[in-house]
$ cat upload-v2.pdb   # PDB, C-alpha atoms
ATOM      1  CA  MET Q  41      53.329  71.238  12.038  1.00  0.00           C
ATOM      2  CA  ARG Q  42      50.623  72.813  14.111  1.00  0.00           C
ATOM      3  CA  ILE Q  43      48.242  72.669  11.170  1.00  0.00           C
ATOM      4  CA  ARG Q  44      48.895  68.975  10.700  1.00  0.00           C
ATOM      5  CA  ALA Q  45      48.302  68.313  14.431  1.00  0.00           C
ATOM      6  CA  PHE Q  46      44.990  70.179  14.239  1.00  0.00           C
ATOM      7  CA  VAL Q  47      43.775  68.584  10.943  1.00  0.00           C
ATOM      8  CA  LEU Q  48      44.193  64.971  12.122  1.00  0.00           C
ATOM      9  CA  PRO Q  49      41.911  65.269  15.199  1.00  0.00           C
ATOM     10  CA  LEU Q  50      39.443  67.319  13.118  1.00  0.00           C
ATOM     11  CA  ALA Q  51      39.290  64.613  10.415  1.00  0.00           C
ATOM     12  CA  LEU Q  52      38.805  61.915  13.044  1.00  0.00           C
ATOM     13  CA  GLY Q  53      36.046  63.932  14.727  1.00  0.00           C
ATOM     14  CA  VAL Q  54      34.180  64.516  11.458  1.00  0.00           C
ATOM     15  CA  GLY Q  55      34.488  60.813  10.605  1.00  0.00           C
ATOM     16  CA  LEU Q  56      33.057  59.829  13.978  1.00  0.00           C
ATOM     17  CA  LEU Q  57      30.210  62.313  13.640  1.00  0.00           C
ATOM     18  CA  ALA Q  58      29.403  61.008  10.163  1.00  0.00           C
ATOM     19  CA  GLY Q  59      29.269  57.476  11.508  1.00  0.00           C
ATOM     20  CA  CYS Q  60      27.002  58.448  14.390  1.00  0.00           C
ATOM     21  CA  SER Q  61      24.661  60.772  12.571  1.00  0.00           C
ATOM     22  CA  GLY Q  62      23.992  58.634   9.464  1.00  0.00           C
ATOM     23  CA  THR Q  63      20.356  58.197   8.443  1.00  0.00           C
ATOM     24  CA  SER Q  64      20.668  54.592   7.243  1.00  0.00           C
ATOM     25  CA  GLU Q  65      18.850  52.101   9.462  1.00  0.00           C
ATOM     26  CA  PRO Q  66      20.518  48.922  10.629  1.00  0.00           C
ATOM     27  CA  PRO Q  67      19.732  45.927   8.442  1.00  0.00           C
ATOM     28  CA  ALA Q  68      16.652  43.999   9.455  1.00  0.00           C
ATOM     29  CA  PRO Q  69      17.389  40.649  11.056  1.00  0.00           C
ATOM     30  CA  THR Q  70      17.077  37.804   8.597  1.00  0.00           C
ATOM     31  CA  THR Q  71      14.788  34.957   9.453  1.00  0.00           C
ATOM     32  CA  THR Q  72      14.651  31.574   7.859  1.00  0.00           C
ATOM     33  CA  PRO Q  73      11.240  29.940   7.743  1.00  0.00           C
ATOM     34  CA  THR Q  74      11.023  26.869   9.900  1.00  0.00           C
ATOM     35  CA  PRO Q  75       9.301  23.886   8.368  1.00  0.00           C
ATOM     36  CA  THR Q  76       5.879  23.347   9.867  1.00  0.00           C
ATOM     37  CA  VAL Q  77       5.080  19.895  11.124  1.00  0.00           C
ATOM     38  CA  ALA Q  78       1.827  18.622   9.659  1.00  0.00           C
ATOM     39  CA  ALA Q  79      -0.760  17.989  12.299  1.00  0.00           C
ATOM     40  CA  GLU Q  80      -1.710  14.386  12.892  1.00  0.00           C
ATOM     41  CA  PRO Q  81      -4.987  13.490  11.158  1.00  0.00           C
ATOM     42  CA  THR Q  82      -7.989  13.577  13.481  1.00  0.00           C
ATOM     43  CA  ASN Q  83     -10.572  11.940  11.193  1.00  0.00           C
ATOM     44  CA  LEU Q  84     -10.801   9.650   8.183  1.00  0.00           C
ATOM     45  CA  GLU Q  85     -10.984  12.497   5.650  1.00  0.00           C
ATOM     46  CA  GLU Q  86      -7.804  14.086   7.015  1.00  0.00           C
ATOM     47  CA  LEU Q  87      -6.088  10.682   6.989  1.00  0.00           C
ATOM     48  CA  ALA Q  88      -7.037  10.190   3.329  1.00  0.00           C
ATOM     49  CA  GLN Q  89      -5.558  13.621   2.507  1.00  0.00           C
ATOM     50  CA  ALA Q  90      -2.401  12.763   4.471  1.00  0.00           C
ATOM     51  CA  VAL Q  91      -1.697   9.458   2.692  1.00  0.00           C
ATOM     52  CA  MET Q  92      -2.192  11.162  -0.676  1.00  0.00           C
ATOM     53  CA  ALA Q  93       0.155  14.023   0.309  1.00  0.00           C
ATOM     54  CA  GLU Q  94       2.748  11.475   1.444  1.00  0.00           C
ATOM     55  CA  GLY Q  95       2.602   9.751  -1.962  1.00  0.00           C
ATOM     56  CA  LEU Q  96       1.427   6.407  -0.580  1.00  0.00           C
ATOM     57  CA  VAL Q  97      -1.460   6.404  -3.094  1.00  0.00           C
ATOM     58  CA  ASP Q  98      -2.752   8.718  -5.798  1.00  0.00           C
ATOM     59  CA  ILE Q  99      -6.337   8.755  -4.485  1.00  0.00           C
ATOM     60  CA  ALA Q 100      -7.666   7.613  -1.116  1.00  0.00           C
ATOM     61  CA  ALA Q 101     -11.213   7.567   0.214  1.00  0.00           C
ATOM     62  CA  PHE Q 102     -12.175   6.311   3.677  1.00  0.00           C
ATOM     63  CA  ALA Q 103     -15.663   6.333   5.192  1.00  0.00           C
ATOM     64  CA  GLU Q 104     -17.728   4.765   7.931  1.00  0.00           C
ATOM     65  CA  LEU Q 105     -20.943   3.282   6.553  1.00  0.00           C
ATOM     66  CA  ALA Q 106     -24.013   2.755   8.708  1.00  0.00           C
ATOM     67  CA  GLY Q 107     -25.764  -0.552   8.288  1.00  0.00           C
ATOM     68  CA  THR Q 108     -26.146  -3.999   9.737  1.00  0.00           C
ATOM     69  CA  PRO Q 109     -23.347  -4.412  10.521  1.00  0.00           C
ATOM     70  CA  ASP Q 110     -21.620  -1.028  10.318  1.00  0.00           C
ATOM     71  CA  ALA Q 111     -18.757  -1.032   7.838  1.00  0.00           C
ATOM     72  CA  LEU Q 112     -15.554   0.809   7.144  1.00  0.00           C
ATOM     73  CA  SER Q 113     -14.933   1.490   3.458  1.00  0.00           C
ATOM     74  CA  LEU Q 114     -11.290   1.793   2.359  1.00  0.00           C
ATOM     75  CA  SER Q 115     -10.458   2.678  -1.250  1.00  0.00           C
ATOM     76  CA  LEU Q 116      -6.850   3.050  -2.348  1.00  0.00           C
ATOM     77  CA  MET Q 117      -6.316   4.024  -5.980  1.00  0.00           C
ATOM     78  CA  TRP Q 118      -3.252   4.448  -8.138  1.00  0.00           C
ATOM     79  CA  ASN Q 119      -2.799   5.812 -11.633  1.00  0.00           C
ATOM     80  CA  GLU Q 120      -0.843   2.626 -12.305  1.00  0.00           C
ATOM     81  CA  LEU Q 121      -1.263  -0.352 -10.013  1.00  0.00           C
ATOM     82  CA  PRO Q 122       1.885  -1.266  -8.058  1.00  0.00           C
ATOM     83  CA  ALA Q 123       2.937  -4.874  -7.534  1.00  0.00           C
ATOM     84  CA  PRO Q 124       0.522  -6.956  -5.398  1.00  0.00           C
ATOM     85  CA  ASP Q 125       2.917  -6.954  -2.399  1.00  0.00           C
ATOM     86  CA  ASP Q 126       3.189  -3.146  -2.550  1.00  0.00           C
ATOM     87  CA  GLN Q 127      -0.594  -2.733  -2.667  1.00  0.00           C
ATOM     88  CA  LEU Q 128      -0.975  -5.000   0.356  1.00  0.00           C
ATOM     89  CA  ALA Q 129       1.756  -3.094   2.229  1.00  0.00           C
ATOM     90  CA  ALA Q 130      -0.030   0.225   1.549  1.00  0.00           C
ATOM     91  CA  LEU Q 131      -3.307  -1.249   2.805  1.00  0.00           C
ATOM     92  CA  SER Q 132      -1.608  -2.570   5.963  1.00  0.00           C
ATOM     93  CA  GLU Q 133      -0.111   0.847   6.692  1.00  0.00           C
ATOM     94  CA  VAL Q 134      -3.463   2.579   6.219  1.00  0.00           C
ATOM     95  CA  GLU Q 135      -5.278   0.054   8.425  1.00  0.00           C
ATOM     96  CA  ALA Q 136      -2.727   0.482  11.224  1.00  0.00           C
ATOM     97  CA  ARG Q 137      -3.178   4.251  11.105  1.00  0.00           C
ATOM     98  CA  ILE Q 138      -6.956   3.873  11.141  1.00  0.00           C
ATOM     99  CA  ASP Q 139      -6.710   1.628  14.211  1.00  0.00           C
ATOM    100  CA  ASP Q 140      -4.760   4.404  15.943  1.00  0.00           C
ATOM    101  CA  LEU Q 141      -7.309   7.002  14.821  1.00  0.00           C
ATOM    102  CA  LEU Q 142     -10.683   5.394  15.515  1.00  0.00           C
ATOM    103  CA  GLU Q 143     -11.793   4.643  19.036  1.00  0.00           C
ATOM    104  CA  PHE Q 144     -14.334   2.082  17.814  1.00  0.00           C
ATOM    105  CA  ARG Q 145     -13.688   0.478  14.444  1.00  0.00           C
ATOM    106  CA  PRO Q 146     -16.725  -0.869  12.549  1.00  0.00           C
ATOM    107  CA  GLU Q 147     -17.181  -4.634  12.533  1.00  0.00           C
ATOM    108  CA  MET Q 148     -16.771  -5.026   8.766  1.00  0.00           C
ATOM    109  CA  THR Q 149     -14.172  -3.563   6.392  1.00  0.00           C
ATOM    110  CA  GLN Q 150     -14.853  -3.146   2.674  1.00  0.00           C
ATOM    111  CA  ILE Q 151     -11.676  -2.856   0.595  1.00  0.00           C
ATOM    112  CA  GLY Q 152     -10.928  -1.452  -2.840  1.00  0.00           C
ATOM    113  CA  LEU Q 153      -7.428  -1.597  -4.353  1.00  0.00           C
ATOM    114  CA  LEU Q 154      -7.942  -0.056  -7.747  1.00  0.00           C
ATOM    115  CA  SER Q 155      -6.568   1.749 -10.765  1.00  0.00           C
ATOM    116  CA  LEU Q 156      -8.176   3.934 -13.398  1.00  0.00           C
ATOM    117  CA  ALA Q 157      -5.793   2.503 -15.960  1.00  0.00           C
ATOM    118  CA  GLU Q 158      -8.404   2.443 -18.727  1.00  0.00           C
ATOM    119  CA  GLY Q 159     -10.045   5.833 -18.403  1.00  0.00           C
ATOM    120  CA  THR Q 160     -13.260   5.426 -16.419  1.00  0.00           C
ATOM    121  CA  LYS Q 161     -12.994   1.642 -16.086  1.00  0.00           C
ATOM    122  CA  PHE Q 162     -11.577   0.361 -12.820  1.00  0.00           C
ATOM    123  CA  ALA Q 163      -8.952  -2.366 -12.675  1.00  0.00           C
ATOM    124  CA  GLY Q 164      -8.090  -4.103  -9.422  1.00  0.00           C
ATOM    125  CA  ILE Q 165     -10.056  -5.753  -6.660  1.00  0.00           C
ATOM    126  CA  THR Q 166     -12.967  -4.938  -4.375  1.00  0.00           C
ATOM    127  CA  THR Q 167     -14.151  -6.907  -1.362  1.00  0.00           C
ATOM    128  CA  ALA Q 168     -17.371  -6.646   0.640  1.00  0.00           C
ATOM    129  CA  TYR Q 169     -15.464  -7.784   3.740  1.00  0.00           C
ATOM    130  CA  ASP Q 170     -11.829  -8.210   4.808  1.00  0.00           C
ATOM    131  CA  PRO Q 171     -10.866 -11.797   3.901  1.00  0.00           C
ATOM    132  CA  GLY Q 172      -7.341 -11.494   5.318  1.00  0.00           C
ATOM    133  CA  ASP Q 173      -3.959 -10.922   3.726  1.00  0.00           C
ATOM    134  CA  GLU Q 174      -3.643 -14.391   2.157  1.00  0.00           C
ATOM    135  CA  VAL Q 175      -6.876 -14.113   0.157  1.00  0.00           C
ATOM    136  CA  LEU Q 176      -6.235 -10.464  -0.732  1.00  0.00           C
ATOM    137  CA  LEU Q 177      -2.782 -11.314  -2.066  1.00  0.00           C
ATOM    138  CA  ALA Q 178      -4.189 -14.227  -4.095  1.00  0.00           C
ATOM    139  CA  LEU Q 179      -6.832 -11.941  -5.641  1.00  0.00           C
ATOM    140  CA  LEU Q 180      -4.226  -9.281  -6.413  1.00  0.00           C
ATOM    141  CA  GLU Q 181      -1.923 -11.815  -8.050  1.00  0.00           C
ATOM    142  CA  ALA Q 182      -4.787 -13.345 -10.086  1.00  0.00           C
ATOM    143  CA  THR Q 183      -5.669  -9.924 -11.523  1.00  0.00           C
ATOM    144  CA  ALA Q 184      -2.145  -8.557 -11.924  1.00  0.00           C
ATOM    145  CA  ASP Q 185      -1.860  -9.677 -15.559  1.00  0.00           C
ATOM    146  CA  ALA Q 186      -4.200 -10.231 -18.489  1.00  0.00           C
ATOM    147  CA  PRO Q 187      -6.620 -11.780 -19.195  1.00  0.00           C
ATOM    148  CA  CYS Q 188      -8.306 -10.770 -15.917  1.00  0.00           C
ATOM    149  CA  THR Q 189      -7.979  -7.229 -14.635  1.00  0.00           C
ATOM    150  CA  GLY Q 190     -10.609  -7.147 -11.915  1.00  0.00           C
ATOM    151  CA  ALA Q 191     -12.158  -9.207  -9.150  1.00  0.00           C
ATOM    152  CA  ALA Q 192     -14.988  -8.641  -6.688  1.00  0.00           C
ATOM    153  CA  LEU Q 193     -15.261 -10.734  -3.527  1.00  0.00           C
ATOM    154  CA  ASP Q 194     -18.490 -11.053  -1.561  1.00  0.00           C
ATOM    155  CA  ARG Q 195     -20.378 -13.483   0.672  1.00  0.00           C
ATOM    156  CA  LEU Q 196     -23.484 -15.122  -0.781  1.00  0.00           C
ATOM    157  CA  ASP Q 197     -26.000 -17.370   0.936  1.00  0.00           C
ATOM    158  CA  ARG Q 198     -27.736 -19.765  -1.445  1.00  0.00           C
ATOM    159  CA  GLY Q 199     -29.501 -21.701   1.289  1.00  0.00           C
ATOM    160  CA  ASP Q 200     -26.514 -23.541   2.694  1.00  0.00           C
ATOM    161  CA  GLY Q 201     -25.005 -20.677   4.694  1.00  0.00           C
ATOM    162  CA  PRO Q 202     -22.835 -17.763   3.618  1.00  0.00           C
ATOM    163  CA  ARG Q 203     -19.935 -18.648   1.337  1.00  0.00           C
ATOM    164  CA  ALA Q 204     -17.227 -16.607  -0.339  1.00  0.00           C
ATOM    165  CA  HIS Q 205     -18.043 -15.737  -3.937  1.00  0.00           C
ATOM    166  CA  ALA Q 206     -15.525 -14.139  -6.308  1.00  0.00           C
ATOM    167  CA  GLU Q 207     -16.337 -12.689  -9.711  1.00  0.00           C
ATOM    168  CA  PHE Q 208     -13.493 -12.011 -12.111  1.00  0.00           C
ATOM    169  CA  GLU Q 209     -13.613  -9.501 -14.947  1.00  0.00           C
ATOM    170  CA  CYS Q 210     -11.702 -10.880 -17.905  1.00  0.00           C
ATOM    171  CA  SER Q 211     -11.476 -10.156 -21.610  1.00  0.00           C
ATOM    172  CA  VAL Q 212      -9.939 -11.949 -24.554  1.00  0.00           C
ATOM    173  CA  GLU Q 213      -9.113 -11.092 -28.128  1.00  0.00           C
ATOM    174  CA  ALA Q 214      -8.512 -13.517 -30.958  1.00  0.00           C
ATOM    175  CA  ASP Q 215      -8.294 -13.542 -34.728  1.00  0.00           C
ATOM    176  CA  ASP Q 216      -9.900 -16.950 -35.193  1.00  0.00           C
ATOM    177  CA  ILE Q 217     -11.773 -19.698 -33.370  1.00  0.00           C
ATOM    178  CA  VAL Q 218      -8.581 -21.519 -32.401  1.00  0.00           C
ATOM    179  CA  GLY Q 219      -7.142 -18.396 -30.830  1.00  0.00           C
ATOM    180  CA  LEU Q 220     -10.447 -17.725 -29.059  1.00  0.00           C
ATOM    181  CA  ALA Q 221     -10.511 -21.238 -27.608  1.00  0.00           C
ATOM    182  CA  SER Q 222      -6.942 -20.848 -26.380  1.00  0.00           C
ATOM    183  CA  ALA Q 223      -7.698 -17.461 -24.840  1.00  0.00           C
ATOM    184  CA  TYR Q 224     -10.809 -18.893 -23.191  1.00  0.00           C
ATOM    185  CA  ASP Q 225      -8.663 -21.615 -21.611  1.00  0.00           C
ATOM    186  CA  ASP Q 226      -6.462 -18.862 -20.125  1.00  0.00           C
ATOM    187  CA  VAL Q 227      -9.540 -17.275 -18.574  1.00  0.00           C
ATOM    188  CA  THR Q 228     -10.919 -20.494 -17.106  1.00  0.00           C
ATOM    189  CA  ALA Q 229      -7.524 -21.195 -15.570  1.00  0.00           C
ATOM    190  CA  VAL Q 230      -7.779 -18.015 -13.459  1.00  0.00           C
ATOM    191  CA  GLY Q 231      -8.827 -18.619  -9.887  1.00  0.00           C
ATOM    192  CA  VAL Q 232      -7.909 -18.272  -6.260  1.00  0.00           C
ATOM    193  CA  ASP Q 233      -6.563 -21.482  -4.778  1.00  0.00           C
ATOM    194  CA  ILE Q 234      -7.168 -20.760  -1.108  1.00  0.00           C
TER     195      ILE Q 234
END
$ encode --input "upload-v2.pdb" --output "structure tokens"
Amino acid sequence: MRIRAFVLPLALGVGLLAGCSGTSEPPAPTTTPTPTVAAEPTNLEELAQAVMAEGLVDIAAFAELAGTPDALSLSLMWNELPAPDDQLAALSEVEARIDDLLEFRPEMTQIGLLSLAEGTKFAGITTAYDPGDEVLLALLEATADAPCTGAALDRLDRGDGPRAHAEFECSVEADDIVGLASAYDDVTAVGVDI
């Protein structure tokens, strides 16, 4: 009985010593990476990168152009053009963010809403000035389907003051003269009723 009384405290003492004198280090604290908040864009190039990273467009290019008057160039490009309303919504979002970014916005805004749907050939619209949402939407709708895939809007002065001038890029295919005449009628029917 004395041996048993002596062995139990000895076993407990050895166990405590083993626990205290172990060479294993405590596990390192685990850290979970915290998501970093992207810094707000501070210039047009950073804003273009931000809207591409957000998936608003596939390619964006914004620049201030010196001239008379100074101009702001906005190009939004997609691999496949969204619906006209969606293109206009993307442009509106970009313009609002540019207004927050620039202290002084140039007097004129040049706009490109485009797609590289046919390799190196652009489809979509370009404007030399901002004609307003109604005209932009009409141009987008006029070029949303064949036969016209592109339009360019500018102001021309032919002696009677500057007037809006739109050029449409259209193409037709036909097997015979009757089909060509019909396709030509489809092209001449394209226009912007504003």
$ resolve_selection --input "upload-v2.pdb" --expression "the PyMOL selection byres ((chain Q and resi 98) around 8)" --output "list in words"
Met92, Gly95, Leu96, Val97, Ile99, Ala100, Leu116, Met117, Trp118 and Asn119 of chain Q
$ write_last_selection --input "upload-v2.pdb" --atoms "C-alpha atoms" --output "PDB file, in the coordinates of the input"
ATOM      1  CA  MET Q  92      -2.192  11.162  -0.676  1.00  0.00           C
ATOM      2  CA  GLY Q  95       2.602   9.751  -1.962  1.00  0.00           C
ATOM      3  CA  LEU Q  96       1.427   6.407  -0.580  1.00  0.00           C
ATOM      4  CA  VAL Q  97      -1.460   6.404  -3.094  1.00  0.00           C
ATOM      5  CA  ILE Q  99      -6.337   8.755  -4.485  1.00  0.00           C
ATOM      6  CA  ALA Q 100      -7.666   7.613  -1.116  1.00  0.00           C
ATOM      7  CA  LEU Q 116      -6.850   3.050  -2.348  1.00  0.00           C
ATOM      8  CA  MET Q 117      -6.316   4.024  -5.980  1.00  0.00           C
ATOM      9  CA  TRP Q 118      -3.252   4.448  -8.138  1.00  0.00           C
ATOM     10  CA  ASN Q 119      -2.799   5.812 -11.633  1.00  0.00           C
TER      11      ASN Q 119
END
$ residues_around --input "upload-v2.pdb" --residues "range 145-151 of chain Q" --least-positions-apart "6" --cutoff "6 Å" --atoms "all atoms listed in the file" --output "VMD selection string"
chain Q and resid 110 to 115 166 to 170
$ resolve_selection --input "upload-v2.pdb" --expression "the PyMOL selection byres ((chain Q and resi 210) around 7)" --output "list in words"
Pro187, Cys188, Thr189, Phe208, Glu209, Ser211, Val212 and Val227 of chain Q
$ residues_around --input "upload-v2.pdb" --residues "Pro124 in chain Q" --least-positions-apart "3" --cutoff "8 Å" --atoms "only C-alpha atoms" --output "list of chain:residue names"
Q:Gln127, Q:Leu128, Q:Leu177, Q:Leu180, Q:Glu181, Q:Ala184
$ atom_distance --input "upload-v2.pdb" --atom1 "CA of Arg137 in chain Q" --atom2 "CA of Glu94 in chain Q"
13.4 Å
$ atom_distance --input "upload-v2.pdb" --atom1 "CA of Leu179 in chain Q" --atom2 "CA of Asp225 in chain Q"
18.8 Å
$ atom_distance --input "upload-v2.pdb" --atom1 "CA of Glu174 in chain Q" --atom2 "CA of Glu133 in chain Q"
16.3 Å
$ residues_around --input "upload-v2.pdb" --residues "Glu213 in chain Q" --least-positions-apart "4" --cutoff "10 Å" --atoms "only C-alpha atoms" --output "PyMOL selection string"
chain Q and resi 187+219-220+223-224
$ residues_around --input "upload-v2.pdb" --residues "Ala206 in chain Q" --least-positions-apart "6" --cutoff "12 Å" --atoms "only C-alpha atoms" --output "list in words"
Ile165, Thr166, Thr167, Ala168, Tyr169, Pro171, Val175, Leu176, Ala178, Leu179, Ala182, Thr183, Gly190, Ala191, Ala192, Leu193, Asp194, Arg195, Leu196, Val230, Gly231, Val232, Asp233 and Ile234 of chain Q
$ closest_atom_pairs --input "upload-v2.pdb" --of "range 112-217 of chain Q" --to "range 76-91 of chain Q" --cutoff "9 Å" --atoms "all atoms listed in the file" --output "CSV"
residue,atom,partner,partner_atom,distance
Q:Val134,CA,Q:Val91,CA,7.9
Q:Arg137,CA,Q:Leu87,CA,8.2
Q:Ile138,CA,Q:Leu84,CA,7.5
Q:Leu141,CA,Q:Thr82,CA,6.7
Q:Leu142,CA,Q:Asn83,CA,7.8
$ axis_aligned_box --input "upload-v2.pdb" --around "range 118-122 of chain Q" --padding-each-side "5 Å" --output "lines of an AutoDock Vina configuration file"
center_x = -0.7
center_y = 2.3
center_z = -10.2
size_x = 15.1
size_y = 17.1
size_z = 14.2
$ build_atoms --input "upload-v2.pdb" --residues "range 130-139 of chain Q" --atoms "all heavy atoms" --output "PDB file, keeping the file's coordinate frame"
ATOM      1  N   ALA Q 130       0.642  -1.073   1.404  1.00  0.00           N
ATOM      2  CA  ALA Q 130      -0.030   0.225   1.549  1.00  0.00           C
ATOM      3  C   ALA Q 130      -1.318   0.060   2.352  1.00  0.00           C
ATOM      4  O   ALA Q 130      -1.621   0.866   3.237  1.00  0.00           O
ATOM      5  CB  ALA Q 130      -0.320   0.827   0.175  1.00  0.00           C
ATOM      6  N   LEU Q 131      -2.070  -0.996   2.064  1.00  0.00           N
ATOM      7  CA  LEU Q 131      -3.307  -1.249   2.805  1.00  0.00           C
ATOM      8  C   LEU Q 131      -3.001  -1.496   4.282  1.00  0.00           C
ATOM      9  O   LEU Q 131      -3.694  -0.970   5.164  1.00  0.00           O
ATOM     10  CB  LEU Q 131      -4.039  -2.447   2.205  1.00  0.00           C
ATOM     11  CG  LEU Q 131      -5.305  -2.890   2.946  1.00  0.00           C
ATOM     12  CD1 LEU Q 131      -6.372  -1.796   2.907  1.00  0.00           C
ATOM     13  CD2 LEU Q 131      -5.838  -4.190   2.361  1.00  0.00           C
ATOM     14  N   SER Q 132      -1.974  -2.278   4.567  1.00  0.00           N
ATOM     15  CA  SER Q 132      -1.608  -2.570   5.963  1.00  0.00           C
ATOM     16  C   SER Q 132      -1.238  -1.296   6.711  1.00  0.00           C
ATOM     17  O   SER Q 132      -1.621  -1.108   7.871  1.00  0.00           O
ATOM     18  CB  SER Q 132      -0.452  -3.568   6.016  1.00  0.00           C
ATOM     19  OG  SER Q 132      -0.850  -4.804   5.491  1.00  0.00           O
ATOM     20  N   GLU Q 133      -0.487  -0.411   6.053  1.00  0.00           N
ATOM     21  CA  GLU Q 133      -0.111   0.847   6.692  1.00  0.00           C
ATOM     22  C   GLU Q 133      -1.340   1.701   6.987  1.00  0.00           C
ATOM     23  O   GLU Q 133      -1.480   2.269   8.078  1.00  0.00           O
ATOM     24  CB  GLU Q 133       0.864   1.625   5.808  1.00  0.00           C
ATOM     25  CG  GLU Q 133       1.297   2.932   6.435  1.00  0.00           C
ATOM     26  CD  GLU Q 133       2.303   3.706   5.616  1.00  0.00           C
ATOM     27  OE1 GLU Q 133       3.041   3.087   4.823  1.00  0.00           O
ATOM     28  OE2 GLU Q 133       2.352   4.937   5.771  1.00  0.00           O
ATOM     29  N   VAL Q 134      -2.253   1.787   6.026  1.00  0.00           N
ATOM     30  CA  VAL Q 134      -3.463   2.579   6.219  1.00  0.00           C
ATOM     31  C   VAL Q 134      -4.300   1.994   7.356  1.00  0.00           C
ATOM     32  O   VAL Q 134      -4.794   2.725   8.220  1.00  0.00           O
ATOM     33  CB  VAL Q 134      -4.284   2.650   4.910  1.00  0.00           C
ATOM     34  CG1 VAL Q 134      -5.699   3.120   5.158  1.00  0.00           C
ATOM     35  CG2 VAL Q 134      -3.582   3.566   3.911  1.00  0.00           C
ATOM     36  N   GLU Q 135      -4.455   0.671   7.383  1.00  0.00           N
ATOM     37  CA  GLU Q 135      -5.278   0.054   8.425  1.00  0.00           C
ATOM     38  C   GLU Q 135      -4.678   0.275   9.812  1.00  0.00           C
ATOM     39  O   GLU Q 135      -5.416   0.510  10.780  1.00  0.00           O
ATOM     40  CB  GLU Q 135      -5.463  -1.433   8.144  1.00  0.00           C
ATOM     41  CG  GLU Q 135      -6.372  -1.664   6.948  1.00  0.00           C
ATOM     42  CD  GLU Q 135      -7.014  -3.031   6.944  1.00  0.00           C
ATOM     43  OE1 GLU Q 135      -6.307  -4.010   6.630  1.00  0.00           O
ATOM     44  OE2 GLU Q 135      -8.216  -3.098   7.251  1.00  0.00           O
ATOM     45  N   ALA Q 136      -3.363   0.226   9.928  1.00  0.00           N
ATOM     46  CA  ALA Q 136      -2.727   0.482  11.224  1.00  0.00           C
ATOM     47  C   ALA Q 136      -2.988   1.913  11.677  1.00  0.00           C
ATOM     48  O   ALA Q 136      -3.259   2.163  12.860  1.00  0.00           O
ATOM     49  CB  ALA Q 136      -1.226   0.210  11.125  1.00  0.00           C
ATOM     50  N   ARG Q 137      -2.930   2.848  10.751  1.00  0.00           N
ATOM     51  CA  ARG Q 137      -3.178   4.251  11.105  1.00  0.00           C
ATOM     52  C   ARG Q 137      -4.641   4.489  11.451  1.00  0.00           C
ATOM     53  O   ARG Q 137      -4.966   5.303  12.312  1.00  0.00           O
ATOM     54  CB  ARG Q 137      -2.706   5.155   9.968  1.00  0.00           C
ATOM     55  CG  ARG Q 137      -1.180   5.143   9.847  1.00  0.00           C
ATOM     56  CD  ARG Q 137      -0.676   5.840   8.626  1.00  0.00           C
ATOM     57  NE  ARG Q 137      -0.766   7.291   8.743  1.00  0.00           N
ATOM     58  CZ  ARG Q 137      -0.265   8.128   7.849  1.00  0.00           C
ATOM     59  NH1 ARG Q 137       0.374   7.667   6.789  1.00  0.00           N
ATOM     60  NH2 ARG Q 137      -0.387   9.424   8.000  1.00  0.00           N
ATOM     61  N   ILE Q 138      -5.540   3.761  10.808  1.00  0.00           N
ATOM     62  CA  ILE Q 138      -6.956   3.873  11.141  1.00  0.00           C
ATOM     63  C   ILE Q 138      -7.212   3.304  12.535  1.00  0.00           C
ATOM     64  O   ILE Q 138      -7.987   3.867  13.311  1.00  0.00           O
ATOM     65  CB  ILE Q 138      -7.828   3.182  10.069  1.00  0.00           C
ATOM     66  CG1 ILE Q 138      -7.845   4.047   8.803  1.00  0.00           C
ATOM     67  CG2 ILE Q 138      -9.239   2.930  10.574  1.00  0.00           C
ATOM     68  CD1 ILE Q 138      -8.541   3.437   7.626  1.00  0.00           C
ATOM     69  N   ASP Q 139      -6.555   2.203  12.868  1.00  0.00           N
ATOM     70  CA  ASP Q 139      -6.710   1.628  14.211  1.00  0.00           C
ATOM     71  C   ASP Q 139      -6.265   2.609  15.280  1.00  0.00           C
ATOM     72  O   ASP Q 139      -6.861   2.670  16.359  1.00  0.00           O
ATOM     73  CB  ASP Q 139      -5.900   0.328  14.333  1.00  0.00           C
ATOM     74  CG  ASP Q 139      -6.543  -0.824  13.563  1.00  0.00           C
ATOM     75  OD1 ASP Q 139      -7.756  -0.751  13.272  1.00  0.00           O
ATOM     76  OD2 ASP Q 139      -5.828  -1.797  13.247  1.00  0.00           O
TER      77      ASP Q 139
END
